[in-house]
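Remarks on the structure that follows.
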Amino acid sequence: MPGDDRTPRVLVVWCPDWPVVAVTGDDPVAVTEGGRILACSAGARAAGVRQGQRLKLAQRLCPELELRDRDPEAETRRFEPVVAAVEAFTPRVEVIRPGLCAIPVKGPGRYFGGEEALATLVGTAVADALGRPPVPDAVPGAVTVPGEPGEPGEPTEPRPTEPRPTEPPEPQPTRAAVPSALIGVADGLFAAVLAARAGVLVPAGRTAEFLAPYPVGALGDEALAELLDRLGLPTVGAFAALPPEAVADRFGPAGTVAHRLARGLQPRPLVPRDEEPDLAVEQRFDPPEPSAEPLVFVARTLAEQLHQRLAGAGLTCRRVAVEVACADGRTASRLWRHEGRLSATALAERVRWQLQAWQGAGTFADSREGFTLLRLAPDGLSPDQGRQLALWGQAVADDRVERAVARVQSVLGHAGLRRIKPAGGRGPGEQQVRVPWGEPYEAAATADAPWPGRLAGRSADLWPAVVLREPAPVRVLDEAGRPVTVDGRAGVSARPALVVFRGREERVAGWTGPWPAVEYWWDQSQARRRARFQVVVDGGRALLLTVEGGGWYLEAGYD
């Protein structure tokens, strides 16, 4: 089915494994978030590590795996040269997230001789940007990345001379991730992102044909994908073949949006409307401000003002333009995508990241006259669907809490303040995850799903008071000093008598268990068998122990 003529052509630049590129480390390395693998290097993937895996499983598959926490600020700083390279072709660069950006094709394509020529030029410019060494103060200790787009494994510096036989060369660490980029063009942003992941240019009007073989899970709605699969519609093409009226009647608004994406159209039809109101907020500096630090504090005030203006107009925005001007006439701007309702705290954080990225990239390094303007302009306005007010007149979100959070995050960083969110799992460390304040979190498995072998007792008086981030190895011995073992039928070899932790022996006063759990028995790469015990040692202290692979581990402790 041909695409809609009104669906704009979009070019997307995708840099794979960008969270890994933004951190320093030797291959294999993985970046973690929320207790799971967010991204990993090629060496880690070769060992079986995958996105979404739990950390313990990833370390079991790849014992030499190096784990790094996600650093959103470093991702933004490292991606700034790429965005600047793309911005040379059009100022309307939309940063979907660090590592992924998009531009409209219509204007630049005509100017540079067509879509294919534009994609080639953008690819060359991005490869040159990735080939430059990262700014030292932006990524401390980072190595020089390759510069030739056709040879991603070749270093840019001259090759060293061959060592003499009597002086063997020292082994060099393997780089965690070699920066690279793929370009894709298609009708609409959704299809263009998939085209970039495949590295193809989809001809105009053939986007639906390109999307047809993809599974319905690519549409981004897990519940709808599961339902369509049960109905015998496993691919995007099969779903797109349904009549739009029938889809709207059966699946509602969410199904209609997904159906339009499957057909290569915009998520919703274009509706002509009057010119959007000017809700931008700005702060001018007279005399010019010589440093960027004061702009960060001003950004917080501007973000709150913008939030109030949007709320007063009954609108919300999907993108925000951050604009800075200098006294010498130089300007810089960047579009940031926002998912969901605009948050003043989140917006202020993104302004801070962008200012740091411009500083790290040296955008204003030779400007000695200072900054004269900071402006925040909303883009992609749409009606606010409303919010549920609290009882007794309280605010929807306590302003004092938000201000306190902003102050703490300004000192500790965006990930320095976290909230506990429920998640699916069997152990206490799996049933709760820590999420940076203000960031959305969707658990890969719901907490209310059936979990055979799950630790019982979710009430406060039965739940562990201390849960270790990573279970610590211990030894469990019987009265004769022999290790206690558990067989495949959950049979205990002897009564536990001693628990040895870090060289200190504690006598067991009472114990209960085991509670066996067999996970992913159908998938050898994720298969896991373990059992849990609750043990009380002398002094009344209670411990939660886990036995797995013949080894004992301390998982949590009770008050």
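Residues are referred to by chain and number: the chain letter is A, B, ... according to the order shown in the structure tokens, the number counts from 1 in that chain, and ligands are numbered separately from 1 in the order shown.
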
Please identify which residues in region 250-334 of chain A DSSP calls strand (DSSP E) from the backbone, and express them as a VMD selection string. chain A and resid 281 to 289 315 to 326 331 to 334

Which polymer residues have any atom within 10 Å of an atom of Arg92 (chain A), counting only C-alpha atoms, with same-chain residues fewer than 5 positions away left out, as a ChimeraX atom specification? /A:86-87,102-104,321,333-335

Shell of 9 Å around Arg70 (chain A), only C-alpha atoms, local chain residues under 5 positions omitted, as a PDB file with N, CA and C atoms, in the first residue's frame:
ATOM      1  N   PRO A  19      25.396   4.201  24.563  1.00  0.00           N
ATOM      2  CA  PRO A  19      25.754   4.235  25.985  1.00  0.00           C
ATOM      3  C   PRO A  19      27.114   3.611  26.270  1.00  0.00           C
ATOM      4  N   VAL A  20      27.506   2.588  25.482  1.00  0.00           N
ATOM      5  CA  VAL A  20      28.827   1.973  25.657  1.00  0.00           C
ATOM      6  C   VAL A  20      29.910   2.883  25.105  1.00  0.00           C
ATOM      7  N   ALA A  22      29.902   6.037  25.128  1.00  0.00           N
ATOM      8  CA  ALA A  22      30.071   7.210  25.994  1.00  0.00           C
ATOM      9  C   ALA A  22      30.884   6.920  27.238  1.00  0.00           C
ATOM     10  N   VAL A  23      31.074   5.649  27.607  1.00  0.00           N
ATOM     11  CA  VAL A  23      31.847   5.320  28.798  1.00  0.00           C
ATOM     12  C   VAL A  23      33.202   4.781  28.386  1.00  0.00           C
ATOM     13  N   VAL A  31      26.831  -1.456  29.857  1.00  0.00           N
ATOM     14  CA  VAL A  31      26.260  -0.330  30.601  1.00  0.00           C
ATOM     15  C   VAL A  31      24.953  -0.805  31.224  1.00  0.00           C
ATOM     16  N   THR A  32      24.764  -0.491  32.502  1.00  0.00           N
ATOM     17  CA  THR A  32      23.609  -0.985  33.245  1.00  0.00           C
ATOM     18  C   THR A  32      22.684   0.164  33.632  1.00  0.00           C
ATOM     19  N   GLU A  33      21.399  -0.174  33.773  1.00  0.00           N
ATOM     20  CA  GLU A  33      20.404   0.782  34.248  1.00  0.00           C
ATOM     21  C   GLU A  33      19.230  -0.005  34.812  1.00  0.00           C
ATOM     22  N   LEU A  38      21.686  -2.406  29.762  1.00  0.00           N
ATOM     23  CA  LEU A  38      21.108  -1.444  28.830  1.00  0.00           C
ATOM     24  C   LEU A  38      21.740  -1.567  27.456  1.00  0.00           C
ATOM     25  N   GLU A  75      26.864  10.775  27.522  1.00  0.00           N
ATOM     26  CA  GLU A  75      26.261  10.444  26.235  1.00  0.00           C
ATOM     27  C   GLU A  75      25.920  11.714  25.457  1.00  0.00           C
ATOM     28  N   ALA A 415      21.616  10.871  37.886  1.00  0.00           N
ATOM     29  CA  ALA A 415      21.388   9.536  38.453  1.00  0.00           C
ATOM     30  C   ALA A 415      21.740   9.464  39.928  1.00  0.00           C
TER      31      ALA A 415
END

Near Gln354 (chain A), within 10 Å and counting only C-alpha atoms, which residues show up once chain neighbours fewer than 6 positions away are dropped, as a list in words?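 What passes the distance filter is Glu73, Thr76, Arg77, Glu80, Val296, Val322, Glu323, Ser333, Arg334, Leu335, Trp336, Ala348 and Gly360 of chain A.
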
For Gly510 (chain A), please output as a PyMOL selection string all residues within 9 Å (counting only C-alpha atoms; exclusion window: fewer than 5 positions along the same chain). chain A and resi 496-497+534-538

I need the residues from that last selection saved to file as a short mmCIF file (atom, residue, chain, number, x, y, z; two decimals), in the first residue's frame (with N, CA and C atoms), if you can.
data_model
loop_
_atom_site.label_atom_id
_atom_site.label_comp_id
_atom_site.auth_asym_id
_atom_site.auth_seq_id
_atom_site.Cartn_x
_atom_site.Cartn_y
_atom_site.Cartn_z
N PRO A 496 22.50 -27.38 58.33
CA PRO A 496 23.48 -26.28 58.42
C PRO A 496 23.80 -25.96 59.88
N ALA A 497 25.11 -25.86 60.17
CA ALA A 497 25.55 -25.58 61.54
C ALA A 497 26.34 -24.28 61.63
N GLN A 534 16.26 -19.37 54.66
CA GLN A 534 16.25 -18.36 55.72
C GLN A 534 16.92 -18.97 56.93
N VAL A 535 17.97 -18.29 57.44
CA VAL A 535 18.81 -18.82 58.50
C VAL A 535 18.86 -17.81 59.63
N VAL A 536 18.72 -18.29 60.88
CA VAL A 536 18.88 -17.45 62.06
C VAL A 536 20.17 -17.87 62.76
N VAL A 537 21.09 -16.91 62.99
CA VAL A 537 22.36 -17.20 63.64
C VAL A 537 22.29 -16.72 65.08
N ASP A 538 23.30 -17.11 65.87
CA ASP A 538 23.36 -16.69 67.27
C ASP A 538 23.30 -15.17 67.37
#

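Counting only C-alpha atoms, Tyr111 (chain A) has the following residues at most 12 Å away, ignoring those fewer than 5 positions along the same chain: Phe89, Thr90, Val105, Lys106, Ala117, Leu118 and Leu121 of chain A.
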
Using N, CA and C atoms, can you write the selected residues to a file as an mmCIF file, in the first residue's frame?
data_model
loop_
_atom_site.group_PDB
_atom_site.id
_atom_site.type_symbol
_atom_site.label_atom_id
_atom_site.label_comp_id
_atom_site.auth_asym_id
_atom_site.auth_seq_id
_atom_site.Cartn_x
_atom_site.Cartn_y
_atom_site.Cartn_z
ATOM 1 N N PHE A 89 23.746 20.588 7.573
ATOM 2 C CA PHE A 89 22.879 20.405 6.420
ATOM 3 C C PHE A 89 21.499 21.031 6.619
ATOM 4 N N THR A 90 21.054 21.157 7.876
ATOM 5 C CA THR A 90 19.785 21.805 8.185
ATOM 6 C C THR A 90 19.751 22.131 9.670
ATOM 7 N N VAL A 105 13.818 15.649 5.207
ATOM 8 C CA VAL A 105 14.582 15.442 3.979
ATOM 9 C C VAL A 105 14.212 16.452 2.898
ATOM 10 N N LYS A 106 13.007 16.982 2.940
ATOM 11 C CA LYS A 106 12.487 17.746 1.802
ATOM 12 C C LYS A 106 13.408 18.886 1.376
ATOM 13 N N ALA A 117 22.166 11.416 -2.339
ATOM 14 C CA ALA A 117 23.333 12.291 -2.179
ATOM 15 C C ALA A 117 23.380 12.884 -0.777
ATOM 16 N N LEU A 118 22.215 13.274 -0.254
ATOM 17 C CA LEU A 118 22.168 13.822 1.102
ATOM 18 C C LEU A 118 22.609 12.779 2.121
ATOM 19 N N LEU A 121 26.385 12.404 1.989
ATOM 20 C CA LEU A 121 27.088 13.535 2.597
ATOM 21 C C LEU A 121 26.949 13.526 4.117
#

Using only C-alpha atoms, can you tell me which of A:Ala423, A:Val13, A:Leu57, A:Ala44 comes closest to Glu519 (chain A)?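 Checking each candidate against Glu519 (chain A), we get A:Leu57 as the closest.
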
Between CA of Gly220 (chain A) and CA of Val257 (chain A), measure the distance and give it in Å to one decimal.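 Value for the CA of Gly220 (chain A)-CA of Val257 (chain A) distance: 10.8 Å.
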
Polymer residues at most 12 Å from region 228-233 of chain A, only C-alpha atoms, same-chain spacing of 4 or more positions, as a list in words: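 Within the cut-off, the hits are Ala212, Pro213, Tyr214, Pro215, Val216, Gly217, Leu219, Asp221, Glu222, Ala223, Leu224, Gly237, Ala238, Phe239, Ala240, Ala241, Leu242, Val247, Arg250, Phe251, Gly255, Ala258 and His259 of chain A.
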
Selection from above, C-alpha atoms, as a PDB file, in the first residue's frame, can you write it?
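What landed in again_23.pdb:
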ATOM      1  CA  ALA A 212       5.633  -5.530   6.207  1.00  0.00           C
ATOM      2  CA  PRO A 213       8.120  -8.286   7.276  1.00  0.00           C
ATOM      3  CA  TYR A 214       8.746  -6.787  10.746  1.00  0.00           C
ATOM      4  CA  PRO A 215       7.051  -8.439  13.743  1.00  0.00           C
ATOM      5  CA  VAL A 216       4.166  -6.499  15.262  1.00  0.00           C
ATOM      6  CA  GLY A 217       6.307  -5.961  18.377  1.00  0.00           C
ATOM      7  CA  LEU A 219       5.179  -1.055  16.646  1.00  0.00           C
ATOM      8  CA  ASP A 221       2.832  -1.622  21.959  1.00  0.00           C
ATOM      9  CA  GLU A 222       3.505  -4.906  23.776  1.00  0.00           C
ATOM     10  CA  ALA A 223      -0.117  -5.550  24.747  1.00  0.00           C
ATOM     11  CA  LEU A 224      -1.340  -4.948  21.196  1.00  0.00           C
ATOM     12  CA  GLY A 237       2.171  -6.295   6.899  1.00  0.00           C
ATOM     13  CA  ALA A 238      -0.631  -8.602   8.029  1.00  0.00           C
ATOM     14  CA  PHE A 239      -1.857  -5.947  10.460  1.00  0.00           C
ATOM     15  CA  ALA A 240      -1.616  -3.187   7.834  1.00  0.00           C
ATOM     16  CA  ALA A 241      -3.854  -5.190   5.475  1.00  0.00           C
ATOM     17  CA  LEU A 242      -6.839  -4.852   7.830  1.00  0.00           C
ATOM     18  CA  VAL A 247      -9.121  -1.658  13.374  1.00  0.00           C
ATOM     19  CA  ARG A 250     -11.771  -3.471  17.489  1.00  0.00           C
ATOM     20  CA  PHE A 251      -8.582  -1.916  18.936  1.00  0.00           C
ATOM     21  CA  GLY A 255      -4.744   0.379  17.557  1.00  0.00           C
ATOM     22  CA  ALA A 258      -0.291   1.540  15.380  1.00  0.00           C
ATOM     23  CA  HIS A 259      -2.233   0.748  12.181  1.00  0.00           C
TER      24      HIS A 259
END

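Pairwise distance (CA of Arg375 (chain A), CA of Val324 (chain A)) equals 6.5 Å.
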
Backbone DSSP call of alpha helix (DSSP H) for region 205-277 of chain A, listed as an MDAnalysis selection string: chainID A and resid 207:211 222:230 236:240 244:262

Rounded to one decimal in Å, what is the spacing between CA of Gly107 (chain A) and CA of Cys317 (chain A)? 24.3 Å
